[in-house]
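Reproduced below: work14.pdb, with PDB, C-alpha atoms and all ligand atoms.
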ATOM      1  CA  MET Z 707      56.247  -6.355 -24.521
ATOM      2  CA  ASN Z 708      54.578  -8.647 -22.047
ATOM      3  CA  GLU Z 709      51.095  -9.821 -22.775
ATOM      4  CA  LYS Z 710      48.797  -7.864 -20.489
ATOM      5  CA  ASN Z 711      45.810  -9.873 -19.472
ATOM      6  CA  ILE Z 712      43.427  -6.960 -18.932
ATOM      7  CA  ASN Z 713      40.234  -8.932 -18.820
ATOM      8  CA  PRO Z 714      40.984 -12.408 -20.082
ATOM      9  CA  ILE Z 715      38.549 -14.798 -21.628
ATOM     10  CA  GLU Z 716      37.936 -17.804 -19.445
ATOM     11  CA  ASN Z 717      40.890 -20.200 -19.524
ATOM     12  CA  ALA Z 718      43.090 -17.836 -21.530
ATOM     13  CA  SER Z 719      46.632 -18.162 -20.321
ATOM     14  CA  THR Z 720      49.527 -15.733 -20.590
ATOM     15  CA  ARG Z 721      52.481 -15.839 -22.962
ATOM     16  CA  LYS Z 722      54.989 -13.355 -24.345
ATOM     17  CA  ALA Z 723      53.720 -11.189 -27.173
ATOM     18  CA  ALA Z 724      55.770  -9.644 -29.965
ATOM     19  CA  PRO Z 725      56.273  -5.889 -29.752
ATOM     20  CA  ALA Z 726      53.580  -3.719 -31.325
ATOM     21  CA  PRO Z 727      54.462  -2.483 -34.819
ATOM     22  CA  GLU Z 728      56.559   0.675 -34.708
ATOM     23  CA  GLN Z 729      53.833   3.010 -35.952
ATOM     24  CA  TYR Z 730      51.645   2.124 -32.973
ATOM     25  CA  SER Z 731      54.027   3.770 -30.551
ATOM     26  CA  LYS Z 732      52.274   5.629 -27.729
ATOM     27  CA  GLU Z 733      52.024   9.016 -29.415
ATOM     28  CA  MET Z 734      51.004   7.704 -32.820
ATOM     29  CA  SER Z 735      48.396   5.436 -31.256
ATOM     30  CA  LYS Z 736      46.714   8.390 -29.593
ATOM     31  CA  GLU Z 737      46.802  10.582 -32.667
ATOM     32  CA  TYR Z 738      45.710   7.751 -34.923
ATOM     33  CA  ALA Z 739      42.858   6.905 -32.558
ATOM     34  CA  ASN Z 740      41.712  10.539 -32.733
ATOM     35  CA  VAL Z 741      41.749  10.489 -36.535
ATOM     36  CA  VAL Z 742      39.886   7.169 -36.648
ATOM     37  CA  GLU Z 743      37.078   8.559 -34.510
ATOM     38  CA  ILE Z 744      36.291  11.118 -37.223
ATOM     39  CA  ASP Z 745      37.282   9.059 -40.272
ATOM     40  CA  PRO Z 746      34.347   8.937 -42.721
ATOM     41  CA  VAL Z 747      35.887   5.984 -44.565
ATOM     42  CA  LYS Z 748      35.777   3.863 -41.406
ATOM     43  CA  GLN Z 749      32.344   5.113 -40.319
ATOM     44  CA  TYR Z 750      30.530   4.956 -43.684
ATOM     45  CA  SER Z 751      32.277   2.144 -45.502
ATOM     46  CA  GLN Z 752      34.762  -0.117 -43.698
ATOM     47  CA  PHE Z 753      32.645  -0.692 -40.576
ATOM     48  CA  PRO Z 754      29.190  -1.038 -42.209
ATOM     49  CA  GLU Z 755      30.626  -3.232 -44.985
ATOM     50  CA  GLU Z 756      32.431  -5.462 -42.482
ATOM     51  CA  LEU Z 757      29.137  -5.796 -40.560
ATOM     52  CA  LYS Z 758      27.367  -6.776 -43.793
ATOM     53  CA  LEU Z 759      29.992  -9.390 -44.609
ATOM     54  CA  LEU Z 760      29.866 -10.830 -41.076
ATOM     55  CA  GLY Z 761      26.071 -11.245 -41.284
ATOM     56  CA  LYS Z 762      23.848 -12.021 -38.313
ATOM     57  CA  LEU Z 763      25.750 -11.468 -35.052
ATOM     58  CA  LYS Z 764      23.163 -12.207 -32.394
ATOM     59  CA  GLY Z 765      24.386 -15.080 -30.213
ATOM     60  CA  LYS Z 766      27.597 -15.540 -32.252
ATOM     61  CA  LYS Z 767      31.006 -15.998 -30.617
ATOM     62  CA  LEU Z 768      33.376 -13.626 -32.377
ATOM     63  CA  LEU Z 769      37.138 -13.114 -32.292
ATOM     64  CA  ASP Z 770      38.192  -9.533 -33.084
ATOM     65  CA  ILE Z 771      41.781  -9.709 -34.332
ATOM     66  CA  GLY Z 772      43.563  -6.340 -33.947
ATOM     67  CA  CYS Z 773      40.649  -4.713 -32.108
ATOM     68  CA  GLY Z 774      42.552  -1.425 -31.616
ATOM     69  CA  SER Z 775      40.716   0.980 -29.330
ATOM     70  CA  GLY Z 776      37.519  -1.075 -29.616
ATOM     71  CA  GLY Z 777      35.203   1.285 -31.509
ATOM     72  CA  PHE Z 778      34.236  -1.342 -34.073
ATOM     73  CA  THR Z 779      34.362  -4.120 -31.475
ATOM     74  CA  ARG Z 780      31.584  -2.300 -29.621
ATOM     75  CA  MET Z 781      29.490  -1.982 -32.793
ATOM     76  CA  MET Z 782      29.648  -5.760 -33.202
ATOM     77  CA  ALA Z 783      28.863  -6.332 -29.515
ATOM     78  CA  GLU Z 784      25.855  -3.998 -29.754
ATOM     79  CA  ARG Z 785      24.504  -6.324 -32.466
ATOM     80  CA  GLY Z 786      24.536  -9.244 -30.038
ATOM     81  CA  ALA Z 787      27.921 -10.927 -30.560
ATOM     82  CA  GLU Z 788      29.888 -12.322 -27.628
ATOM     83  CA  ILE Z 789      33.334 -10.889 -28.292
ATOM     84  CA  PHE Z 790      36.928 -11.547 -27.454
ATOM     85  CA  GLY Z 791      39.191  -8.825 -28.836
ATOM     86  CA  TYR Z 792      42.967  -8.725 -28.853
ATOM     87  CA  ASP Z 793      45.635  -6.325 -30.027
ATOM     88  CA  PRO Z 794      49.367  -5.971 -29.367
ATOM     89  CA  SER Z 795      49.044  -2.241 -28.582
ATOM     90  CA  LEU Z 796      48.667  -1.705 -24.823
ATOM     91  CA  GLU Z 797      47.555   1.920 -25.263
ATOM     92  CA  GLN Z 798      44.788   0.973 -27.707
ATOM     93  CA  VAL Z 799      43.489  -1.896 -25.590
ATOM     94  CA  GLU Z 800      43.540   0.239 -22.451
ATOM     95  CA  LYS Z 801      41.328   2.755 -24.250
ATOM     96  CA  ALA Z 802      38.978  -0.059 -25.305
ATOM     97  CA  GLN Z 803      38.906  -1.452 -21.770
ATOM     98  CA  GLU Z 804      38.160   1.973 -20.245
ATOM     99  CA  GLU Z 805      35.135   2.310 -22.543
ATOM    100  CA  GLU Z 806      34.037  -1.237 -21.643
ATOM    101  CA  GLU Z 807      34.210  -0.281 -17.962
ATOM    102  CA  ARG Z 808      32.208   2.923 -18.555
ATOM    103  CA  HIS Z 809      29.560   1.178 -20.691
ATOM    104  CA  PRO Z 810      29.813  -2.607 -20.250
ATOM    105  CA  LEU Z 811      28.911  -4.819 -23.224
ATOM    106  CA  GLY Z 812      30.600  -7.971 -21.930
ATOM    107  CA  ILE Z 813      33.606  -7.665 -24.263
ATOM    108  CA  LYS Z 814      36.801  -9.413 -23.144
ATOM    109  CA  TYR Z 815      40.073  -7.760 -24.199
ATOM    110  CA  ILE Z 816      43.663  -8.905 -24.086
ATOM    111  CA  VAL Z 817      46.959  -7.266 -25.069
ATOM    112  CA  SER Z 818      48.744  -9.733 -27.319
ATOM    113  CA  ASP Z 819      49.444 -10.531 -30.960
ATOM    114  CA  ARG Z 820      48.562 -14.201 -30.410
ATOM    115  CA  PRO Z 821      46.761 -14.917 -27.152
ATOM    116  CA  SER Z 822      46.740 -18.416 -25.748
ATOM    117  CA  ILE Z 823      43.097 -19.354 -25.596
ATOM    118  CA  SER Z 824      41.964 -22.773 -24.450
ATOM    119  CA  PRO Z 825      41.522 -25.074 -27.492
ATOM    120  CA  ASP Z 826      38.027 -25.824 -26.131
ATOM    121  CA  ILE Z 827      36.923 -22.281 -27.009
ATOM    122  CA  LYS Z 828      35.948 -22.019 -30.676
ATOM    123  CA  PHE Z 829      34.459 -19.026 -32.470
ATOM    124  CA  ASP Z 830      31.747 -18.776 -35.133
ATOM    125  CA  LEU Z 831      33.429 -15.776 -36.724
ATOM    126  CA  ALA Z 832      36.745 -13.954 -36.773
ATOM    127  CA  SER Z 833      36.968 -10.330 -37.870
ATOM    128  CA  SER Z 834      39.912  -8.074 -38.670
ATOM    129  CA  VAL Z 835      39.596  -4.554 -40.050
ATOM    130  CA  MET Z 836      42.847  -3.197 -41.518
ATOM    131  CA  VAL Z 837      45.056  -5.570 -39.561
ATOM    132  CA  LEU Z 838      46.429  -8.057 -42.128
ATOM    133  CA  VAL Z 839      48.120  -5.128 -43.876
ATOM    134  CA  HIS Z 840      50.382  -4.854 -40.821
ATOM    135  CA  ALA Z 841      51.779  -8.377 -41.221
ATOM    136  CA  GLU Z 842      55.350  -7.548 -42.140
ATOM    137  CA  ASP Z 843      55.968 -10.585 -44.328
ATOM    138  CA  LYS Z 844      54.355 -13.732 -45.750
ATOM    139  CA  GLN Z 845      55.177 -15.757 -42.639
ATOM    140  CA  LYS Z 846      53.524 -13.244 -40.299
ATOM    141  CA  LEU Z 847      50.519 -13.057 -42.623
ATOM    142  CA  GLN Z 848      50.161 -16.808 -42.535
ATOM    143  CA  GLU Z 849      50.491 -16.842 -38.743
ATOM    144  CA  ILE Z 850      47.448 -14.554 -38.422
ATOM    145  CA  PHE Z 851      45.406 -16.717 -40.820
ATOM    146  CA  GLN Z 852      46.586 -19.809 -38.913
ATOM    147  CA  TYR Z 853      45.545 -18.316 -35.572
ATOM    148  CA  ALA Z 854      42.132 -17.420 -37.019
ATOM    149  CA  ASN Z 855      41.692 -20.869 -38.533
ATOM    150  CA  ASP Z 856      42.689 -22.653 -35.311
ATOM    151  CA  SER Z 857      40.268 -20.481 -33.313
ATOM    152  CA  LEU Z 858      37.224 -21.053 -35.543
ATOM    153  CA  LYS Z 859      34.582 -23.779 -35.481
ATOM    154  CA  THR Z 860      34.624 -26.082 -38.544
ATOM    155  CA  THR Z 861      31.952 -23.952 -40.225
ATOM    156  CA  GLY Z 862      33.629 -20.658 -39.263
ATOM    157  CA  ARG Z 863      34.510 -17.674 -41.445
ATOM    158  CA  PHE Z 864      37.303 -15.131 -41.180
ATOM    159  CA  VAL Z 865      36.134 -11.743 -42.517
ATOM    160  CA  SER Z 866      38.695  -8.998 -43.147
ATOM    161  CA  ILE Z 867      39.110  -5.621 -44.719
ATOM    162  CA  VAL Z 868      42.504  -4.942 -46.253
ATOM    163  CA  LEU Z 869      44.080  -2.434 -48.606
ATOM    164  CA  ASN Z 870      43.046  -3.297 -52.144
ATOM    165  CA  PRO Z 871      46.220  -4.746 -53.703
ATOM    166  CA  ASN Z 872      44.968  -3.619 -57.152
ATOM    167  CA  PHE Z 873      44.150   0.005 -56.189
ATOM    168  CA  LYS Z 874      45.245   2.259 -59.055
ATOM    169  CA  ARG Z 875      45.244   5.897 -57.913
ATOM    170  CA  LEU Z 876      48.545   5.854 -56.010
ATOM    171  CA  GLY Z 877      49.945   9.364 -55.438
ATOM    172  CA  GLU Z 878      46.525  11.087 -55.836
ATOM    173  CA  ALA Z 879      44.471  12.602 -53.000
ATOM    174  CA  VAL Z 880      41.470  10.268 -52.678
ATOM    175  CA  TYR Z 881      38.774  10.753 -49.999
ATOM    176  CA  ASN Z 882      40.806  11.800 -46.935
ATOM    177  CA  ARG Z 883      44.032   9.952 -47.802
ATOM    178  CA  ARG Z 884      46.944   9.917 -50.228
ATOM    179  CA  PHE Z 885      48.423   6.476 -50.809
ATOM    180  CA  THR Z 886      51.915   5.839 -52.103
ATOM    181  CA  ARG Z 887      53.945   2.639 -52.386
ATOM    182  CA  GLU Z 888      57.667   1.958 -52.276
ATOM    183  CA  GLY Z 889      58.662  -1.674 -52.740
ATOM    184  CA  ASN Z 890      56.361  -3.679 -50.477
ATOM    185  CA  LYS Z 891      55.575  -0.684 -48.213
ATOM    186  CA  ASN Z 892      52.324   1.256 -48.483
ATOM    187  CA  PHE Z 893      52.108   4.761 -47.037
ATOM    188  CA  ALA Z 894      48.822   6.470 -46.172
ATOM    189  CA  ASP Z 895      48.877  10.193 -45.559
ATOM    190  CA  PHE Z 896      45.688  11.341 -43.758
ATOM    191  CA  LEU Z 897      44.490  14.671 -45.179
ATOM    192  CA  ASP Z 898      42.084  17.353 -44.011
ATOM    193  CA  SER Z 899      39.634  19.021 -46.420
ATOM    194  CA  LYS Z 900      42.414  21.390 -47.589
ATOM    195  CA  GLY Z 901      44.746  18.490 -48.354
ATOM    196  CA  THR Z 902      47.012  19.139 -45.342
ATOM    197  CA  SER Z 903      48.434  16.103 -43.507
ATOM    198  CA  LEU Z 904      46.708  15.361 -40.196
ATOM    199  CA  LEU Z 905      49.368  13.042 -38.784
ATOM    200  CA  PRO Z 906      53.039  13.922 -38.262
ATOM    201  CA  GLU Z 907      54.014  11.102 -40.618
ATOM    202  CA  PRO Z 908      52.136   8.745 -42.936
ATOM    203  CA  LEU Z 909      50.960   5.374 -41.631
ATOM    204  CA  THR Z 910      53.047   2.517 -42.974
ATOM    205  CA  SER Z 911      51.638  -0.848 -43.925
ATOM    206  CA  ILE Z 912      52.654  -3.778 -46.079
ATOM    207  CA  HIS Z 913      51.582  -4.555 -49.615
ATOM    208  CA  HIS Z 914      50.469  -8.163 -50.073
ATOM    209  CA  SER Z 915      49.147  -9.270 -53.470
ATOM    210  CA  LYS Z 916      45.795 -11.067 -53.801
ATOM    211  CA  ASP Z 917      47.727 -14.283 -54.555
ATOM    212  CA  GLU Z 918      49.743 -13.861 -51.341
ATOM    213  CA  TYR Z 919      46.586 -13.422 -49.240
ATOM    214  CA  GLU Z 920      44.980 -16.448 -50.893
ATOM    215  CA  GLU Z 921      48.075 -18.579 -50.449
ATOM    216  CA  ALA Z 922      48.374 -17.626 -46.755
ATOM    217  CA  ALA Z 923      44.682 -18.453 -46.192
ATOM    218  CA  LYS Z 924      44.915 -21.814 -47.974
ATOM    219  CA  ASN Z 925      48.178 -22.794 -46.225
ATOM    220  CA  ALA Z 926      46.440 -22.049 -42.920
ATOM    221  CA  GLY Z 927      43.666 -24.515 -43.816
ATOM    222  CA  PHE Z 928      40.917 -22.261 -45.223
ATOM    223  CA  LYS Z 929      39.156 -24.004 -48.100
ATOM    224  CA  ARG Z 930      38.322 -20.931 -50.154
ATOM    225  CA  VAL Z 931      38.613 -17.167 -50.283
ATOM    226  CA  GLU Z 932      36.168 -14.636 -51.735
ATOM    227  CA  TRP Z 933      36.971 -10.991 -52.509
ATOM    228  CA  LYS Z 934      34.197  -8.444 -51.888
ATOM    229  CA  THR Z 935      34.015  -4.950 -53.345
ATOM    230  CA  LEU Z 936      33.139  -2.310 -50.741
ATOM    231  CA  SER Z 937      30.475   0.340 -51.150
ATOM    232  CA  VAL Z 938      29.402   3.425 -49.181
ATOM    233  CA  ASP Z 939      26.521   3.614 -46.741
ATOM    234  CA  PRO Z 940      23.890   6.060 -48.120
ATOM    235  CA  ARG Z 941      24.309   8.149 -44.929
ATOM    236  CA  GLY Z 942      27.922   8.808 -45.956
ATOM    237  CA  LYS Z 943      26.818  10.075 -49.365
ATOM    238  CA  GLU Z 944      24.196  12.264 -47.709
ATOM    239  CA  LYS Z 945      26.662  13.662 -45.199
ATOM    240  CA  LEU Z 946      29.656  14.290 -47.463
ATOM    241  CA  GLY Z 947      28.088  14.472 -50.913
ATOM    242  CA  VAL Z 948      28.500  12.031 -53.809
ATOM    243  CA  GLU Z 949      31.553  13.970 -55.104
ATOM    244  CA  PHE Z 950      33.554  13.015 -52.004
ATOM    245  CA  TRP Z 951      33.035   9.323 -52.838
ATOM    246  CA  ASP Z 952      33.960   9.695 -56.528
ATOM    247  CA  LYS Z 953      35.013   6.328 -58.110
ATOM    248  CA  TYR Z 954      34.748   4.614 -54.700
ATOM    249  CA  GLU Z 955      33.205   1.394 -55.979
ATOM    250  CA  GLU Z 956      35.219   1.543 -59.230
ATOM    251  CA  ASP Z 957      38.719   1.931 -57.744
ATOM    252  CA  CYS Z 958      38.416   1.481 -53.997
ATOM    253  CA  PRO Z 959      41.556   1.634 -51.820
ATOM    254  CA  TRP Z 960      40.069  -1.117 -49.590
ATOM    255  CA  ILE Z 961      38.566  -4.532 -50.254
ATOM    256  CA  GLY Z 962      36.800  -7.271 -48.262
ATOM    257  CA  LEU Z 963      38.235 -10.777 -47.951
ATOM    258  CA  VAL Z 964      36.203 -13.709 -46.643
ATOM    259  CA  ALA Z 965      38.027 -16.962 -45.866
ATOM    260  CA  TYR Z 966      35.826 -20.057 -45.352
ATOM    261  CA  LYS Z 967      36.820 -23.084 -43.293
ATOM    262  CA  ASP Z 968      34.398 -25.349 -45.150
ATOM    263  CA  GLU Z 969      33.533 -25.617 -48.856
TER     264      GLU Z 969
HETATM  265  C1  LIG Z1001      44.619   0.122 -38.489
HETATM  266  S1  LIG Z1001      44.468  -0.457 -36.858
HETATM  267  C2  LIG Z1001      42.805  -1.104 -36.905
HETATM  268  C3  LIG Z1001      42.153  -1.202 -35.571
HETATM  269  C4  LIG Z1001      40.684  -1.634 -35.623
HETATM  270  N1  LIG Z1001      40.542  -2.966 -36.201
HETATM  271  C5  LIG Z1001      39.874  -0.626 -36.397
HETATM  272  O1  LIG Z1001      39.511  -0.890 -37.540
HETATM  273  O2  LIG Z1001      39.602   0.451 -35.859
HETATM  274  C6  LIG Z1001      45.435  -1.930 -36.938
HETATM  275  C7  LIG Z1001      45.568  -2.648 -35.610
HETATM  276  O3  LIG Z1001      46.195  -3.918 -35.831
HETATM  277  C8  LIG Z1001      46.986  -4.192 -34.705
HETATM  278  N2  LIG Z1001      47.942  -5.250 -35.092
HETATM  279  C9  LIG Z1001      49.108  -5.124 -35.737
HETATM  280  N3  LIG Z1001      49.688  -6.340 -35.903
HETATM  281  C10 LIG Z1001      48.842  -7.245 -35.349
HETATM  282  C11 LIG Z1001      48.861  -8.677 -35.207
HETATM  283  N4  LIG Z1001      49.861  -9.419 -35.660
HETATM  284  N5  LIG Z1001      47.805  -9.281 -34.610
HETATM  285  C12 LIG Z1001      46.761  -8.551 -34.148
HETATM  286  N6  LIG Z1001      46.695  -7.196 -34.253
HETATM  287  C13 LIG Z1001      47.719  -6.561 -34.846
HETATM  288  C14 LIG Z1001      47.617  -2.851 -34.362
HETATM  289  O4  LIG Z1001      48.131  -2.787 -33.048
HETATM  290  C15 LIG Z1001      46.427  -1.909 -34.593
HETATM  291  O5  LIG Z1001      45.672  -1.672 -33.428
END
Let me see the file written as structure tokens.
Ligand SMILES: C[S@@+](CC[C@H](N)C(=O)[O-])C[C@H]1O[C@@H](n2cnc3c(N)ncnc32)[C@H](O)[C@@H]1O
Amino acid sequence: MNEKNINPIENASTRKAAPAPEQYSKEMSKEYANVVEIDPVKQYSQFPEELKLLGKLKGKKLLDIGCGSGGFTRMMAERGAEIFGYDPSLEQVEKAQEEEERHPLGIKYIVSDRPSISPDIKFDLASSVMVLVHAEDKQKLQEIFQYANDSLKTTGRFVSIVLNPNFKRLGEAVYNRRFTREGNKNFADFLDSKGTSLLPEPLTSIHHSKDEYEEAAKNAGFKRVEWKTLSVDPRGKEKLGVEFWDKYEEDCPWIGLVAYKDE
């Protein structure tokens, strides 16, 4: 896939990008994007928790790694961040760009898995929500950490949400998903309230242990890594009831990871 420079950041240049992961084929992208728009886990936990971990955004330069269709990118932009988002999926980025054109927030998007940005442009923060779990092996994982590290100012932080490597309830229906694992592959089946699958096939991602994440971050030059338990926004409990979120904080399928460039 060629990198498509939809709305490039100043001085960004073009280079060849790797193909998007198989599960983000055109059809799946559309269906997945539809599910994401109504996903209570994203709306009431992953996104608000990522915002909390990122902290104050007003006036901050932020790199959104794996921005997808831009829903969360827009939430960050609405809080005052100046954002550059990239993603290897053309369909997802086109959707993000269309929304940016309808309601401009000054977000720059590019289709790539590693855009060439001028070394003079450095970010205060890098964010990735459920992206590192798509790095197919240790080398790819380290490449994403390396790209984040190279793009950040010396005081920068890389804030991510990933699948919790120590999640215990594999095989059970939890929230609106059922997770299973075979070897280093994780499968997430999206379920409706009756437990019926919403997508034609489960989403595949890669299991990385906490040690593997930490090693990749340190090899890329981050000085330390902190793990952050996720909780649920009170509005989510109000909307879906506390039963829906049973054992969420105790055995959460997702976890926050903050990598710091300085001590
Ligand atoms: C689960 S989606 C998350 C999208 C968005 N961050 C969100 O939370 O709504 C994962 C995204 O990561 C992107 N992705 C996969 N590999 C990537 C890589 N190496 N670099 C950047 N993005 C990648 C996919 O194309 C996909 O859009």
Taken to one decimal, the atom CA of Z:Asp745-atom CA of Z:Glu920 distance is 28.7 Å
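For the set Z:Arg883, Z:Glu756, Z:Gly761, Z:Ser818, the residue with the smallest atom-to-atom gap to Z:Gly774 is Z:Ser818, counting only C-alpha atoms.
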Z:Ala841: which residues within 9 Å, counting only C-alpha atoms, same-chain residues fewer than 5 positions away excluded, as a PDB file with C-alpha atoms, in the coordinates of the input?
ATOM      1  CA  LYS Z 846      53.524 -13.244 -40.299  1.00  0.00           C
ATOM      2  CA  LEU Z 847      50.519 -13.057 -42.623  1.00  0.00           C
ATOM      3  CA  GLN Z 848      50.161 -16.808 -42.535  1.00  0.00           C
ATOM      4  CA  GLU Z 849      50.491 -16.842 -38.743  1.00  0.00           C
ATOM      5  CA  ILE Z 850      47.448 -14.554 -38.422  1.00  0.00           C
ATOM      6  CA  SER Z 911      51.638  -0.848 -43.925  1.00  0.00           C
ATOM      7  CA  ILE Z 912      52.654  -3.778 -46.079  1.00  0.00           C
ATOM      8  CA  HIS Z 914      50.469  -8.163 -50.073  1.00  0.00           C
TER       9      HIS Z 914
END
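Once the PyMOL selection byres (((chain Z and resi 875-877) around 9) and not hetatm) is applied to this file, the selection holds Z:Phe873, Z:Lys874, Z:Glu878, Z:Ala879, Z:Val880, Z:Arg884, Z:Phe885, Z:Thr886, Z:Arg887, Z:Asp957, Z:Pro959.
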Report as a PyMOL selection string the residues that result from applying the PyMOL selection byres (((chain Z and resi 921) around 12) and not hetatm) to the structure here. chain Z and resi 844-845+847-848+851-852+914-920+922-931+965
Can I get the selected residues back with C-alpha atoms, as an mmCIF file, in the frame of the given file?
data_model
loop_
_atom_site.group_PDB
_atom_site.id
_atom_site.type_symbol
_atom_site.label_atom_id
_atom_site.label_comp_id
_atom_site.auth_asym_id
_atom_site.auth_seq_id
_atom_site.Cartn_x
_atom_site.Cartn_y
_atom_site.Cartn_z
ATOM 1 C CA LYS Z 844 54.355 -13.732 -45.750
ATOM 2 C CA GLN Z 845 55.177 -15.757 -42.639
ATOM 3 C CA LEU Z 847 50.519 -13.057 -42.623
ATOM 4 C CA GLN Z 848 50.161 -16.808 -42.535
ATOM 5 C CA PHE Z 851 45.406 -16.717 -40.820
ATOM 6 C CA GLN Z 852 46.586 -19.809 -38.913
ATOM 7 C CA HIS Z 914 50.469 -8.163 -50.073
ATOM 8 C CA SER Z 915 49.147 -9.270 -53.470
ATOM 9 C CA LYS Z 916 45.795 -11.067 -53.801
ATOM 10 C CA ASP Z 917 47.727 -14.283 -54.555
ATOM 11 C CA GLU Z 918 49.743 -13.861 -51.341
ATOM 12 C CA TYR Z 919 46.586 -13.422 -49.240
ATOM 13 C CA GLU Z 920 44.980 -16.448 -50.893
ATOM 14 C CA ALA Z 922 48.374 -17.626 -46.755
ATOM 15 C CA ALA Z 923 44.682 -18.453 -46.192
ATOM 16 C CA LYS Z 924 44.915 -21.814 -47.974
ATOM 17 C CA ASN Z 925 48.178 -22.794 -46.225
ATOM 18 C CA ALA Z 926 46.440 -22.049 -42.920
ATOM 19 C CA GLY Z 927 43.666 -24.515 -43.816
ATOM 20 C CA PHE Z 928 40.917 -22.261 -45.223
ATOM 21 C CA LYS Z 929 39.156 -24.004 -48.100
ATOM 22 C CA ARG Z 930 38.322 -20.931 -50.154
ATOM 23 C CA VAL Z 931 38.613 -17.167 -50.283
ATOM 24 C CA ALA Z 965 38.027 -16.962 -45.866
#
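When atom CA of Z:Asn890 is paired with atom CA of Z:Pro794, their separation reads 22.4 Å.
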Can you pull out every residue with an atom within 8 Å of ligand LIG 1001 (chain Z)? Use all atoms listed in the file and format it as number ranges by chain. Z: 726-727, 730, 735, 739, 742, 748, 752-753, 770-779, 792-795, 798, 818-820, 834-838, 840-841, 846-847, 850
Would you write out, as an mmCIF file with C-alpha atoms, keeping the file's coordinate frame, every residue that the PyMOL selection byres (((chain Z and resi 933-946) around 10) and not hetatm) captures in this file?
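Final output, expr.cif:
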data_model
loop_
_atom_site.group_PDB
_atom_site.id
_atom_site.type_symbol
_atom_site.label_atom_id
_atom_site.label_comp_id
_atom_site.auth_asym_id
_atom_site.auth_seq_id
_atom_site.Cartn_x
_atom_site.Cartn_y
_atom_site.Cartn_z
ATOM 1 C CA PRO Z 746 34.347 8.937 -42.721
ATOM 2 C CA VAL Z 747 35.887 5.984 -44.565
ATOM 3 C CA GLN Z 749 32.344 5.113 -40.319
ATOM 4 C CA TYR Z 750 30.530 4.956 -43.684
ATOM 5 C CA SER Z 751 32.277 2.144 -45.502
ATOM 6 C CA GLN Z 752 34.762 -0.117 -43.698
ATOM 7 C CA PHE Z 753 32.645 -0.692 -40.576
ATOM 8 C CA PRO Z 754 29.190 -1.038 -42.209
ATOM 9 C CA GLU Z 755 30.626 -3.232 -44.985
ATOM 10 C CA GLU Z 756 32.431 -5.462 -42.482
ATOM 11 C CA LEU Z 759 29.992 -9.390 -44.609
ATOM 12 C CA SER Z 866 38.695 -8.998 -43.147
ATOM 13 C CA ILE Z 867 39.110 -5.621 -44.719
ATOM 14 C CA ASN Z 870 43.046 -3.297 -52.144
ATOM 15 C CA LYS Z 916 45.795 -11.067 -53.801
ATOM 16 C CA GLU Z 920 44.980 -16.448 -50.893
ATOM 17 C CA VAL Z 931 38.613 -17.167 -50.283
ATOM 18 C CA GLU Z 932 36.168 -14.636 -51.735
ATOM 19 C CA GLY Z 947 28.088 14.472 -50.913
ATOM 20 C CA VAL Z 948 28.500 12.031 -53.809
ATOM 21 C CA GLU Z 949 31.553 13.970 -55.104
ATOM 22 C CA PHE Z 950 33.554 13.015 -52.004
ATOM 23 C CA TRP Z 951 33.035 9.323 -52.838
ATOM 24 C CA TYR Z 954 34.748 4.614 -54.700
ATOM 25 C CA GLU Z 955 33.205 1.394 -55.979
ATOM 26 C CA GLU Z 956 35.219 1.543 -59.230
ATOM 27 C CA ASP Z 957 38.719 1.931 -57.744
ATOM 28 C CA CYS Z 958 38.416 1.481 -53.997
ATOM 29 C CA PRO Z 959 41.556 1.634 -51.820
ATOM 30 C CA TRP Z 960 40.069 -1.117 -49.590
ATOM 31 C CA ILE Z 961 38.566 -4.532 -50.254
ATOM 32 C CA GLY Z 962 36.800 -7.271 -48.262
ATOM 33 C CA LEU Z 963 38.235 -10.777 -47.951
ATOM 34 C CA VAL Z 964 36.203 -13.709 -46.643
ATOM 35 C CA ALA Z 965 38.027 -16.962 -45.866
#
